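File shown: coords10.cif. Contents: mmCIF, C-alpha atoms and all ligand atoms.
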```cif
data_model
#
loop_
_atom_site.label_atom_id
_atom_site.label_comp_id
_atom_site.auth_asym_id
_atom_site.auth_seq_id
_atom_site.Cartn_x
_atom_site.Cartn_y
_atom_site.Cartn_z
CA MET H 929 -8.32 34.50 -9.23
CA SER H 930 -8.92 35.50 -12.83
CA GLY H 931 -12.02 36.98 -14.32
CA ALA H 932 -12.92 33.76 -16.15
CA SER H 933 -16.39 32.32 -15.55
CA PRO H 934 -16.47 30.34 -12.30
CA ASP H 935 -16.75 26.91 -13.82
CA THR H 936 -13.75 27.35 -16.10
CA HIS H 937 -10.38 26.20 -14.81
CA ASP H 938 -6.98 25.25 -16.13
CA VAL H 939 -6.88 21.90 -14.35
CA LEU H 940 -9.61 19.60 -13.04
CA VAL H 941 -8.52 16.93 -10.55
CA VAL H 942 -10.84 13.97 -9.93
CA GLY H 943 -10.28 12.70 -6.39
CA GLY H 944 -9.22 14.62 -3.30
CA GLY H 945 -6.91 11.96 -1.92
CA ALA H 946 -3.17 12.13 -1.39
CA ALA H 947 -2.21 12.28 -5.07
CA GLY H 948 -5.00 14.62 -6.15
CA LEU H 949 -4.35 17.17 -3.41
CA MET H 950 -0.59 17.20 -4.06
CA CYS H 951 -1.19 17.67 -7.78
CA ALA H 952 -3.64 20.50 -7.09
CA ILE H 953 -1.18 22.27 -4.76
CA THR H 954 1.68 21.99 -7.24
CA ALA H 955 -0.39 23.22 -10.19
CA GLY H 956 -1.98 25.96 -8.07
CA GLN H 957 1.44 27.20 -6.99
CA ARG H 958 2.27 27.59 -10.68
CA GLY H 959 -0.69 29.94 -11.04
CA ARG H 960 -3.00 27.38 -12.60
CA ARG H 961 -6.69 27.66 -11.72
CA VAL H 962 -7.38 24.27 -10.21
CA CYS H 963 -10.56 22.55 -9.06
CA VAL H 964 -10.56 19.28 -7.11
CA VAL H 965 -13.75 17.24 -7.51
CA GLU H 966 -14.29 14.79 -4.64
CA HIS H 967 -17.42 12.68 -4.33
CA ALA H 968 -17.00 11.92 -0.62
CA ASN H 969 -18.12 14.42 2.01
CA ARG H 970 -14.51 15.25 2.87
CA VAL H 971 -11.11 14.91 1.26
CA GLY H 972 -8.29 12.61 2.34
CA LYS H 973 -10.31 9.88 4.04
CA LYS H 974 -7.60 7.29 3.49
CA ILE H 975 -4.98 9.65 4.86
CA LEU H 976 -7.13 9.98 7.99
CA MET H 977 -7.36 6.22 8.53
CA SER H 978 -3.77 5.50 7.51
CA GLY H 979 -1.03 4.35 9.83
CA GLY H 980 -3.53 3.58 12.58
CA GLY H 981 -4.63 7.25 12.59
CA ARG H 982 -1.06 8.58 12.58
CA CYS H 983 -0.36 8.43 8.82
CA ASN H 984 2.91 6.82 7.81
CA PHE H 985 3.36 9.68 5.36
CA THR H 986 6.65 8.69 3.75
CA ASN H 987 9.69 6.43 3.97
CA THR H 988 13.15 7.97 4.00
CA GLY H 989 14.57 4.86 2.30
CA THR H 990 12.28 5.08 -0.73
CA THR H 991 13.77 3.61 -3.93
CA PRO H 992 12.13 2.29 -7.10
CA ALA H 993 12.83 -1.24 -5.78
CA ASN H 994 10.08 -0.71 -3.19
CA TYR H 995 7.37 -0.72 -5.88
CA LEU H 996 5.57 -3.35 -7.94
CA SER H 997 4.64 -2.54 -11.54
CA ALA H 998 4.63 -4.29 -14.90
CA ASN H 999 7.29 -1.67 -15.77
CA PRO H 1000 9.58 -1.35 -12.73
CA HIS H 1001 11.37 1.62 -14.36
CA PHE H 1002 8.28 3.78 -14.72
CA CYS H 1003 8.26 5.20 -11.17
CA LYS H 1004 11.93 6.27 -11.25
CA SER H 1005 11.60 9.72 -12.76
CA ALA H 1006 8.77 10.98 -10.54
CA LEU H 1007 10.32 9.54 -7.37
CA ALA H 1008 13.65 11.20 -8.19
CA ARG H 1009 12.02 14.58 -8.76
CA TYR H 1010 9.97 14.59 -5.55
CA THR H 1011 11.84 12.90 -2.73
CA PRO H 1012 10.72 12.08 0.83
CA TRP H 1013 12.81 15.06 1.98
CA GLN H 1014 10.65 17.47 0.00
CA PHE H 1015 7.53 16.19 1.71
CA ILE H 1016 9.29 16.24 5.10
CA GLU H 1017 10.17 19.88 4.43
CA MET H 1018 6.46 20.66 4.02
CA VAL H 1019 5.57 18.72 7.17
CA GLU H 1020 8.21 20.63 9.16
CA ARG H 1021 7.12 23.96 7.70
CA HIS H 1022 3.65 23.24 9.07
CA ARG H 1023 5.21 22.32 12.44
CA ILE H 1024 3.78 18.80 12.42
CA ALA H 1025 5.68 16.64 14.88
CA TYR H 1026 6.71 13.21 13.58
CA HIS H 1027 8.93 10.28 14.44
CA GLU H 1028 10.57 7.34 12.73
CA LYS H 1029 8.93 4.10 13.81
CA GLU H 1030 11.18 1.57 12.08
CA LEU H 1031 12.90 1.05 8.74
CA GLY H 1032 12.63 4.71 7.66
CA GLN H 1033 8.86 4.87 8.25
CA LEU H 1034 7.80 8.38 9.33
CA PHE H 1035 4.56 8.79 11.34
CA CYS H 1036 2.80 11.82 12.82
CA ASP H 1037 3.24 12.05 16.58
CA VAL H 1038 -0.34 13.18 17.08
CA SER H 1039 -2.79 12.55 14.23
CA SER H 1040 -3.24 12.01 10.49
CA LYS H 1041 -5.68 14.89 10.62
CA LEU H 1042 -2.70 17.25 10.65
CA ILE H 1043 -1.55 15.98 7.25
CA VAL H 1044 -4.99 16.56 5.74
CA ARG H 1045 -5.11 20.01 7.38
CA MET H 1046 -1.68 20.82 5.95
CA LEU H 1047 -2.72 19.77 2.43
CA LEU H 1048 -5.93 21.82 2.65
CA ASP H 1049 -4.01 24.86 3.94
CA GLU H 1050 -1.58 24.49 1.02
CA CYS H 1051 -4.53 24.20 -1.37
CA GLU H 1052 -6.03 27.37 0.02
CA ALA H 1053 -2.72 29.23 -0.22
CA ALA H 1054 -2.40 28.11 -3.85
CA GLY H 1055 -5.97 29.23 -4.66
CA VAL H 1056 -7.23 25.70 -5.29
CA GLN H 1057 -11.00 25.21 -5.31
CA VAL H 1058 -12.05 22.01 -3.52
CA GLU H 1059 -15.54 20.62 -4.16
CA THR H 1060 -16.64 17.82 -1.82
CA SER H 1061 -19.87 15.76 -2.00
CA CYS H 1062 -19.56 16.36 -5.73
CA SER H 1063 -20.52 13.34 -7.83
CA ILE H 1064 -19.54 13.15 -11.46
CA GLU H 1065 -22.43 12.31 -13.75
CA GLN H 1066 -20.65 12.62 -17.06
CA VAL H 1067 -17.17 13.25 -18.44
CA VAL H 1068 -17.24 15.00 -21.80
CA HIS H 1069 -14.24 15.29 -24.12
CA ASP H 1070 -14.93 18.64 -25.73
CA ASP H 1071 -14.41 19.43 -29.41
CA ASP H 1072 -11.61 21.84 -28.49
CA GLY H 1073 -9.74 19.00 -26.74
CA GLY H 1074 -10.70 20.12 -23.25
CA PHE H 1075 -12.77 18.27 -20.68
CA THR H 1076 -16.09 19.00 -19.03
CA LEU H 1077 -17.23 17.28 -15.86
CA ARG H 1078 -20.99 17.36 -15.37
CA THR H 1079 -21.52 16.94 -11.66
CA THR H 1080 -24.15 17.25 -8.96
CA ARG H 1081 -22.61 20.66 -8.27
CA GLY H 1082 -22.68 21.93 -11.80
CA ALA H 1083 -20.32 21.70 -14.77
CA PHE H 1084 -16.57 22.28 -14.65
CA THR H 1085 -14.42 22.77 -17.73
CA ALA H 1086 -10.65 22.75 -18.22
CA PRO H 1087 -8.07 21.82 -20.84
CA SER H 1088 -6.42 19.38 -18.37
CA LEU H 1089 -8.07 16.50 -16.50
CA VAL H 1090 -6.08 14.67 -13.81
CA VAL H 1091 -7.51 11.35 -12.67
CA ALA H 1092 -6.55 10.71 -9.04
CA SER H 1093 -9.48 8.53 -8.00
CA GLY H 1094 -7.39 5.82 -6.32
CA GLY H 1095 -7.80 2.05 -6.32
CA LEU H 1096 -10.50 -0.38 -5.24
CA SER H 1097 -9.40 -0.99 -1.66
CA ILE H 1098 -11.79 -0.16 1.17
CA PRO H 1099 -14.98 0.50 -0.83
CA SER H 1100 -16.63 1.81 2.34
CA MET H 1101 -14.20 4.78 2.18
CA GLY H 1102 -15.35 5.87 -1.27
CA ALA H 1103 -13.13 3.68 -3.49
CA THR H 1104 -14.53 3.20 -6.99
CA GLY H 1105 -13.46 1.80 -10.34
CA PHE H 1106 -14.04 5.24 -11.87
CA GLY H 1107 -10.42 5.80 -12.94
CA TYR H 1108 -10.09 2.42 -14.61
CA GLU H 1109 -13.33 2.86 -16.55
CA LEU H 1110 -12.35 6.34 -17.66
CA ALA H 1111 -8.91 5.11 -18.74
CA GLN H 1112 -10.46 2.36 -20.85
CA ARG H 1113 -12.91 4.78 -22.39
CA PHE H 1114 -9.99 6.92 -23.53
CA GLY H 1115 -8.21 3.90 -25.02
CA HIS H 1116 -5.83 3.11 -22.16
CA ALA H 1117 -5.05 -0.48 -21.21
CA VAL H 1118 -5.84 -1.38 -17.60
CA LEU H 1119 -3.85 -4.26 -16.14
CA PRO H 1120 -5.79 -6.76 -14.00
CA THR H 1121 -6.31 -5.46 -10.47
CA ARG H 1122 -6.10 -7.41 -7.21
CA ALA H 1123 -5.86 -6.68 -3.52
CA GLY H 1124 -2.38 -5.99 -2.11
CA LEU H 1125 -0.99 -5.49 1.41
CA VAL H 1126 -3.78 -7.75 2.58
CA PRO H 1127 -4.18 -10.57 5.13
CA LEU H 1128 -4.09 -14.09 3.69
CA THR H 1129 -6.78 -16.67 4.37
CA LEU H 1130 -6.36 -20.39 4.99
CA SER H 1131 -8.94 -23.13 4.49
CA GLY H 1132 -9.55 -26.81 5.14
CA LYS H 1133 -6.86 -28.67 7.07
CA HIS H 1134 -4.50 -25.69 6.81
CA LEU H 1135 -6.92 -23.57 8.81
CA ASP H 1136 -7.80 -26.44 11.17
CA ARG H 1137 -4.12 -26.86 12.07
CA MET H 1138 -4.03 -23.25 13.29
CA GLU H 1139 -7.10 -23.63 15.48
CA GLY H 1140 -6.74 -21.88 18.83
CA LEU H 1141 -3.65 -19.91 17.74
CA SER H 1142 -5.52 -16.73 16.78
CA GLY H 1143 -3.76 -13.73 18.30
CA VAL H 1144 -0.33 -15.39 18.38
CA ALA H 1145 2.40 -13.18 16.83
CA LEU H 1146 6.01 -14.03 16.03
CA PRO H 1147 8.87 -12.66 13.94
CA VAL H 1148 9.32 -14.47 10.62
CA THR H 1149 10.86 -13.96 7.22
CA ALA H 1150 8.13 -14.51 4.64
CA SER H 1151 9.29 -15.40 1.11
CA CYS H 1152 7.39 -15.64 -2.15
CA ASN H 1153 8.39 -15.33 -5.79
CA GLY H 1154 11.91 -14.14 -4.99
CA GLN H 1155 10.93 -11.49 -2.40
CA ALA H 1156 11.52 -11.85 1.34
CA PHE H 1157 10.19 -9.70 4.20
CA SER H 1158 11.35 -9.97 7.82
CA ASN H 1159 8.80 -8.72 10.33
CA ALA H 1160 5.99 -9.96 12.54
CA MET H 1161 3.35 -12.48 11.51
CA LEU H 1162 0.01 -12.58 13.31
CA VAL H 1163 -2.32 -15.58 13.30
CA THR H 1164 -5.95 -14.49 12.77
CA HIS H 1165 -9.28 -16.33 12.96
CA ARG H 1166 -9.28 -16.84 9.19
CA GLY H 1167 -5.59 -17.04 8.37
CA VAL H 1168 -2.49 -14.90 8.83
CA SER H 1169 -1.69 -11.20 8.88
CA GLY H 1170 0.97 -8.87 10.31
CA PRO H 1171 3.49 -6.76 8.40
CA SER H 1172 5.53 -9.63 6.94
CA ILE H 1173 2.38 -11.26 5.55
CA LEU H 1174 0.91 -7.99 4.24
CA GLN H 1175 4.19 -7.29 2.43
CA VAL H 1176 4.50 -10.72 0.87
CA SER H 1177 0.77 -10.78 -0.05
CA SER H 1178 1.48 -8.30 -2.85
CA TYR H 1179 3.82 -10.85 -4.44
CA TRP H 1180 1.54 -13.87 -3.89
CA GLN H 1181 -1.22 -15.24 -6.08
CA PRO H 1182 -3.32 -18.38 -5.46
CA GLY H 1183 -1.21 -21.47 -6.06
CA ASP H 1184 2.13 -19.73 -5.50
CA ALA H 1185 4.52 -21.27 -2.96
CA LEU H 1186 4.95 -19.23 0.22
CA TYR H 1187 7.53 -20.05 2.88
CA LEU H 1188 8.22 -18.67 6.32
CA ASP H 1189 11.57 -18.81 8.08
CA LEU H 1190 10.46 -19.25 11.69
CA LEU H 1191 13.94 -18.52 13.07
CA PRO H 1192 14.79 -15.34 11.13
CA GLY H 1193 18.40 -14.27 11.45
CA ARG H 1194 19.45 -17.71 12.73
CA ASP H 1195 20.79 -20.78 10.95
CA ALA H 1196 18.22 -23.33 12.10
CA LEU H 1197 20.58 -26.33 12.15
CA ASP H 1198 23.36 -24.47 13.99
CA TRP H 1199 20.81 -23.26 16.52
CA LEU H 1200 19.32 -26.74 17.06
CA GLN H 1201 22.80 -28.29 17.51
CA ALA H 1202 23.73 -25.60 20.01
CA GLN H 1203 20.53 -26.24 21.95
CA GLN H 1204 21.25 -29.98 21.90
CA ARG H 1205 24.74 -29.39 23.32
CA GLU H 1206 23.61 -26.90 25.97
CA ARG H 1207 20.29 -28.44 27.02
CA PRO H 1208 20.37 -32.15 26.10
CA ALA H 1209 17.57 -33.05 28.53
CA ALA H 1210 15.15 -30.37 27.29
CA GLU H 1211 12.33 -31.15 24.86
CA LEU H 1212 12.22 -29.47 21.45
CA LYS H 1213 9.01 -27.57 22.24
CA THR H 1214 10.66 -26.15 25.39
CA VAL H 1215 13.71 -24.74 23.63
CA LEU H 1216 11.55 -23.44 20.76
CA ALA H 1217 9.36 -21.65 23.30
CA ASP H 1218 12.40 -19.47 24.12
CA VAL H 1219 12.33 -17.98 20.61
CA MET H 1220 8.62 -18.04 19.72
CA PRO H 1221 5.28 -18.12 21.53
CA ARG H 1222 4.83 -21.33 23.53
CA ARG H 1223 1.50 -22.24 21.93
CA PHE H 1224 2.97 -21.92 18.47
CA ALA H 1225 6.07 -23.98 19.40
CA GLN H 1226 3.87 -26.73 20.79
CA ARG H 1227 1.67 -26.83 17.66
CA LEU H 1228 4.73 -26.92 15.41
CA CYS H 1229 5.98 -29.99 17.26
CA GLU H 1230 2.57 -31.67 17.16
CA VAL H 1231 1.85 -31.07 13.49
CA TRP H 1232 4.84 -30.05 11.43
CA LEU H 1233 8.22 -30.98 12.88
CA PRO H 1234 9.17 -34.57 11.96
CA GLY H 1235 9.63 -36.87 14.96
CA ALA H 1236 8.73 -34.14 17.48
CA ALA H 1237 5.08 -35.04 18.20
CA THR H 1238 6.06 -37.48 20.97
CA PRO H 1239 7.90 -35.73 23.81
CA ARG H 1240 11.57 -36.77 24.11
CA PRO H 1241 14.80 -35.04 25.12
CA LEU H 1242 16.91 -33.28 22.51
CA ARG H 1243 19.83 -35.70 23.06
CA GLN H 1244 17.78 -38.46 21.39
CA PHE H 1245 17.68 -36.67 18.01
CA ASN H 1246 20.39 -37.72 15.53
CA LEU H 1247 21.88 -35.40 12.90
CA PRO H 1248 19.58 -36.41 9.99
CA GLN H 1249 16.57 -35.84 12.28
CA LEU H 1250 17.85 -32.40 13.33
CA ARG H 1251 18.47 -31.58 9.69
CA ALA H 1252 14.87 -32.50 8.81
CA ILE H 1253 13.53 -30.32 11.62
CA ALA H 1254 15.82 -27.43 10.67
CA ALA H 1255 14.58 -27.64 7.08
CA VAL H 1256 10.97 -27.12 8.23
CA LEU H 1257 11.87 -24.31 10.64
CA ALA H 1258 13.78 -22.48 7.91
CA GLN H 1259 11.17 -23.05 5.20
CA TRP H 1260 7.81 -23.59 6.83
CA PRO H 1261 5.29 -23.93 3.97
CA LEU H 1262 2.23 -21.73 4.36
CA VAL H 1263 -0.61 -22.88 2.11
CA ALA H 1264 -2.90 -19.88 1.73
CA SER H 1265 -6.22 -20.20 -0.08
CA GLY H 1266 -6.84 -16.53 -0.81
CA THR H 1267 -6.80 -13.00 0.58
CA GLU H 1268 -9.24 -10.97 2.64
CA GLY H 1269 -9.85 -8.94 -0.53
CA TYR H 1270 -10.46 -5.24 -1.11
CA ARG H 1271 -12.50 -4.95 2.07
CA THR H 1272 -9.31 -4.83 4.15
CA ALA H 1273 -6.53 -4.41 1.56
CA GLU H 1274 -4.38 -1.31 1.92
CA VAL H 1275 -3.74 -1.06 -1.80
CA THR H 1276 -4.81 -2.21 -5.25
CA LEU H 1277 -2.22 -3.86 -7.47
CA GLY H 1278 -2.41 -3.39 -11.24
CA GLY H 1279 -4.36 -0.54 -12.80
CA VAL H 1280 -3.76 1.95 -15.61
CA ASP H 1281 -0.96 0.54 -17.77
CA THR H 1282 2.12 2.74 -17.51
CA ASP H 1283 2.91 2.03 -21.19
CA GLY H 1284 0.26 4.61 -22.08
CA LEU H 1285 1.69 7.31 -19.78
CA SER H 1286 4.70 9.61 -19.73
CA SER H 1287 6.88 8.69 -16.73
CA SER H 1288 7.99 12.30 -16.24
CA THR H 1289 4.56 13.97 -16.36
CA MET H 1290 1.99 11.14 -15.92
CA ALA H 1291 0.31 12.48 -19.10
CA SER H 1292 -1.60 10.17 -21.38
CA ARG H 1293 0.34 9.38 -24.54
CA GLN H 1294 -2.84 9.21 -26.58
CA VAL H 1295 -5.10 11.95 -25.16
CA PRO H 1296 -3.51 15.40 -24.74
CA GLY H 1297 -4.45 17.01 -21.41
CA LEU H 1298 -5.34 13.74 -19.64
CA TYR H 1299 -3.25 12.54 -16.67
CA PHE H 1300 -3.35 9.59 -14.26
CA ILE H 1301 -1.65 9.71 -10.83
CA GLY H 1302 -1.47 7.81 -7.55
CA GLU H 1303 -2.88 4.41 -6.88
CA VAL H 1304 -5.04 4.19 -10.01
CA VAL H 1305 -1.78 3.74 -11.96
CA ASP H 1306 -0.06 0.34 -12.08
CA VAL H 1307 2.53 1.32 -9.45
CA THR H 1308 2.10 -0.15 -5.96
CA GLY H 1309 4.41 0.36 -3.02
CA TRP H 1310 5.43 -1.85 -0.13
CA LEU H 1311 4.01 -1.30 3.33
CA GLY H 1312 5.79 1.52 5.15
CA GLY H 1313 4.96 4.92 3.69
CA TYR H 1314 5.93 4.08 0.10
CA ASN H 1315 2.39 4.37 -1.23
CA PHE H 1316 1.96 7.90 0.01
CA GLN H 1317 5.39 8.78 -1.37
CA TRP H 1318 4.22 7.55 -4.79
CA ALA H 1319 1.01 9.58 -4.43
CA TRP H 1320 3.01 12.76 -3.55
CA ALA H 1321 5.62 12.18 -6.28
CA SER H 1322 3.22 11.31 -9.11
CA GLY H 1323 0.90 14.14 -8.05
CA HIS H 1324 3.82 16.56 -8.07
CA ALA H 1325 4.94 15.39 -11.52
CA ALA H 1326 1.48 15.96 -13.02
CA GLY H 1327 1.07 19.22 -11.12
CA LEU H 1328 4.20 20.59 -12.78
CA ALA H 1329 2.95 19.66 -16.23
CA ALA H 1330 -0.81 20.18 -16.24
C1 LIG H 1401 -6.36 1.30 6.02
C2 LIG H 1401 -5.28 1.89 5.15
C3 LIG H 1401 -4.11 2.36 5.72
C4 LIG H 1401 -3.08 2.85 4.91
N1 LIG H 1401 -1.96 3.33 5.51
C5 LIG H 1401 -0.95 3.81 4.74
C6 LIG H 1401 0.20 4.40 5.34
O1 LIG H 1401 0.29 4.54 6.57
N2 LIG H 1401 1.20 4.82 4.51
C7 LIG H 1401 1.11 4.73 3.14
O2 LIG H 1401 2.04 5.12 2.44
N3 LIG H 1401 0.00 4.24 2.55
C8 LIG H 1401 -1.03 3.79 3.32
N4 LIG H 1401 -2.16 3.32 2.71
C9 LIG H 1401 -2.26 3.39 1.23
C10 LIG H 1401 -2.60 4.83 0.82
O3 LIG H 1401 -3.71 5.26 1.59
C11 LIG H 1401 -2.94 4.91 -0.66
O4 LIG H 1401 -1.95 4.30 -1.43
C12 LIG H 1401 -3.10 6.37 -1.10
O5 LIG H 1401 -4.13 6.96 -0.36
C13 LIG H 1401 -3.38 6.49 -2.58
O6 LIG H 1401 -3.60 7.85 -2.86
P1 LIG H 1401 -4.55 8.27 -4.07
O7 LIG H 1401 -4.68 9.74 -3.96
O8 LIG H 1401 -4.08 7.66 -5.33
O9 LIG H 1401 -5.94 7.58 -3.74
P2 LIG H 1401 -6.93 7.85 -2.51
O10 LIG H 1401 -6.21 8.37 -1.36
O11 LIG H 1401 -7.71 6.59 -2.37
O12 LIG H 1401 -7.86 9.02 -3.04
C14 LIG H 1401 -8.77 8.84 -4.08
C15 LIG H 1401 -9.90 9.82 -3.89
O13 LIG H 1401 -10.74 9.81 -5.03
C16 LIG H 1401 -12.09 9.84 -4.60
N5 LIG H 1401 -12.90 9.29 -5.67
C17 LIG H 1401 -12.98 8.00 -6.08
N6 LIG H 1401 -13.84 7.90 -7.09
C18 LIG H 1401 -14.31 9.16 -7.33
C19 LIG H 1401 -15.25 9.68 -8.26
N7 LIG H 1401 -15.88 8.90 -9.16
N8 LIG H 1401 -15.50 11.01 -8.23
C20 LIG H 1401 -14.87 11.81 -7.32
N9 LIG H 1401 -13.99 11.37 -6.42
C21 LIG H 1401 -13.71 10.04 -6.44
C22 LIG H 1401 -12.08 9.03 -3.31
O14 LIG H 1401 -13.19 9.31 -2.50
C23 LIG H 1401 -10.77 9.47 -2.70
O15 LIG H 1401 -10.91 10.62 -1.89
C24 LIG H 1401 -3.21 2.85 3.49
C25 LIG H 1401 -4.40 2.38 2.93
C26 LIG H 1401 -5.43 1.92 3.73
C27 LIG H 1401 -6.69 1.44 3.08
#
```

Turn the structure described in the file into structure tokens.
Ligand SMILES: Cc1cc2nc3c(=O)[nH]c(=O)nc-3n(C[C@H](O)[C@H](O)[C@H](O)COP(=O)(O)OP(=O)(O)OC[C@H]3O[C@@H](n4cnc5c(N)ncnc54)[C@H](O)[C@@H]3O)c2cc1C
Amino acid sequence: MSGASPDTHDVLVVGGGAAGLMCAITAGQRGRRVCVVEHANRVGKKILMSGGGRCNFTNTGTTPANYLSANPHFCKSALARYTPWQFIEMVERHRIAYHEKELGQLFCDVSSKLIVRMLLDECEAAGVQVETSCSIEQVVHDDDGGFTLRTTRGAFTAPSLVVASGGLSIPSMGATGFGYELAQRFGHAVLPTRAGLVPLTLSGKHLDRMEGLSGVALPVTASCNGQAFSNAMLVTHRGVSGPSILQVSSYWQPGDALYLDLLPGRDALDWLQAQQRERPAAELKTVLADVMPRRFAQRLCEVWLPGAATPRPLRQFNLPQLRAIAAVLAQWPLVASGTEGYRTAEVTLGGVDTDGLSSSTMASRQVPGLYFIGEVVDVTGWLGGYNFQWAWASGHAAGLAA
């Protein structure tokens, strides 16, 4: 370390999450004197709870198309300059065992703790100072253009301030609106935020119709606003969840039409006609129970499938009737009333408007030395390791510049 007074650094990073730690490592490796200021009692709490405790730390199929943003081009540069393979290289160097679960999603074999340990070891090797349980009381923009953070652990000063304070999801884990407020104070636009990757709730008759189905899971393709996700859906006490629903929730807003294909990968009419030929004496609910949970098949027949409420053999359905049933199976309307909100959401959509940031460095266009990275920025990934990849990539981009 240099002989400068202890509270003077080159780079201050607010937030010791995925993005902040990666930024600190990258800047530290360049010889910058970096201090991470984290208000929680430990860093990386969301990493610890991620992926069911095994951290889905990246996705090998990451492309800009896996992200939502008012400017879909913004994430391209950072993602291209820090790829999943660069993070995998670090994971392998630290001998952390991992596996691919599905669709390019990489998880730790043992525990998310190993990822946090790796990041802290890298911080230490790069000479990064990490202050936990450190609450910021005031952010001062100094006359010389630098920044001073007045905190419960003293004052820290640096010419660069990187805001990596994350989004609003899971307030119990330390999420705050700090980054958005700071951005606005420095003249940045903040796009409206809402919960993403979140279970959907149903109400009224739509919830009543699902009564007793809680716990039932089935493969579906969920479609909304031109996006479709094939994966499991899970019926909950208050609505629906499961990966397909979490994915599509990021594209849904109250009032938007949402459809589920209940026979994903099959042409519903072809399938029904084949069943009619092969099992003419069987009832619809019986053949449906071969491809989805019995309770769900029964409820579909009782409530949604035209002409199927009264038991009768398949041979008694004519072509127009089969067509009408196929139409519902292929495009089952799901009328959601809302989401479970930030309490359970994995991410926050919206945030610091990318128009005010450089896509190659994450630097503010209006305030020299100020940077925004990770989830606080209006870039939100799909479920499956994409959000961490954005945190690593945007953190790396700022770490190279700050
Ligand atoms: C339950 C859950 C599971 C998830 N699983 C996955 C997964 O498997 N794969 C994946 O890719 N993504 C996953 N995500 C999303 C992922 O965790 C986030 O996208 C990612 O952590 C964002 O990184 P970040 O560094 O921007 O923010 P965060 O990781 O949220 O870090 C922000 C940090 O800033 C701190 N902070 C906030 N305000 C202040 C303040 N005023 N002063 C000081 N510090 C402050 C916070 O305490 C926190 O440590 C999951 C999210 C949740 C909630």

### Task
Give me, please, the distance in Å between atom C11 of ligand LIG 1401 (chain H) and CA of Val1126 (chain H), quoted to one decimal.
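Interatomic distance here is 13.1 Å.
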
### Message
From (2.0, 9.7, -18.7), in the file's coordinates, out to 10 Å: which residues are reached, counting only C-alpha atoms? Answer as number ranges by chain.
### Response
H: 1002, 1281-1296, 1298-1301, 1305, 1322, 1325-1326

Those same residues, written as an mmCIF file, in the frame of the given file with C-alpha atoms?
```
data_model
loop_
_atom_site.group_PDB
_atom_site.id
_atom_site.type_symbol
_atom_site.label_atom_id
_atom_site.label_comp_id
_atom_site.auth_asym_id
_atom_site.auth_seq_id
_atom_site.Cartn_x
_atom_site.Cartn_y
_atom_site.Cartn_z
ATOM 1 C CA PHE H 1002 8.280 3.780 -14.720
ATOM 2 C CA ASP H 1281 -0.960 0.540 -17.770
ATOM 3 C CA THR H 1282 2.120 2.740 -17.510
ATOM 4 C CA ASP H 1283 2.910 2.030 -21.190
ATOM 5 C CA GLY H 1284 0.260 4.610 -22.080
ATOM 6 C CA LEU H 1285 1.690 7.310 -19.780
ATOM 7 C CA SER H 1286 4.700 9.610 -19.730
ATOM 8 C CA SER H 1287 6.880 8.690 -16.730
ATOM 9 C CA SER H 1288 7.990 12.300 -16.240
ATOM 10 C CA THR H 1289 4.560 13.970 -16.360
ATOM 11 C CA MET H 1290 1.990 11.140 -15.920
ATOM 12 C CA ALA H 1291 0.310 12.480 -19.100
ATOM 13 C CA SER H 1292 -1.600 10.170 -21.380
ATOM 14 C CA ARG H 1293 0.340 9.380 -24.540
ATOM 15 C CA GLN H 1294 -2.840 9.210 -26.580
ATOM 16 C CA VAL H 1295 -5.100 11.950 -25.160
ATOM 17 C CA PRO H 1296 -3.510 15.400 -24.740
ATOM 18 C CA LEU H 1298 -5.340 13.740 -19.640
ATOM 19 C CA TYR H 1299 -3.250 12.540 -16.670
ATOM 20 C CA PHE H 1300 -3.350 9.590 -14.260
ATOM 21 C CA ILE H 1301 -1.650 9.710 -10.830
ATOM 22 C CA VAL H 1305 -1.780 3.740 -11.960
ATOM 23 C CA SER H 1322 3.220 11.310 -9.110
ATOM 24 C CA ALA H 1325 4.940 15.390 -11.520
ATOM 25 C CA ALA H 1326 1.480 15.960 -13.020
#
```

### Task
Rank H:Phe1084, H:Tyr995, H:Ile1173, H:Ala955 by their smallest atom-to-atom distance to Gly1055 (chain H), using only C-alpha atoms, and report the top residue only.
H:Ala955

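Between CA of Val1256 (chain H) and CA of Arg1166 (chain H) the separation is 22.7 Å.
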
#### Entry: Among the residues H:Ser1265, H:Thr988, H:Thr1149, H:Thr1121, the one that comes closest to Gly1095 (chain H) [using only C-alpha atoms]
H:Thr1121

### Message
Can you tell me which residues surround region 1042-1053 of chain H at a distance of at most 8 Å, considering only C-alpha atoms, apart from same-chain residues fewer than 5 positions away, and format the answer as a count of residues only?
### Response
13

Take region 1282-1286 of chain H, model N, CA and C atoms, and hand the result over as a CSV table (one decimal), keeping the file's coordinate frame.
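The file below, part.csv, is the result:
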```
chain,number,residue,atom,x,y,z
H,1282,THR,N,1.2,1.6,-17.4
H,1282,THR,CA,2.1,2.7,-17.5
H,1282,THR,C,2.6,2.9,-18.9
H,1283,ASP,N,2.5,1.9,-19.8
H,1283,ASP,CA,2.9,2.0,-21.2
H,1283,ASP,C,2.2,3.2,-21.9
H,1284,GLY,N,1.0,3.5,-21.4
H,1284,GLY,CA,0.3,4.6,-22.1
H,1284,GLY,C,0.5,6.0,-21.5
H,1285,LEU,N,1.5,6.1,-20.5
H,1285,LEU,CA,1.7,7.3,-19.8
H,1285,LEU,C,3.1,7.8,-19.9
H,1286,SER,N,3.4,9.1,-19.8
H,1286,SER,CA,4.7,9.6,-19.7
H,1286,SER,C,5.2,9.5,-18.3
```
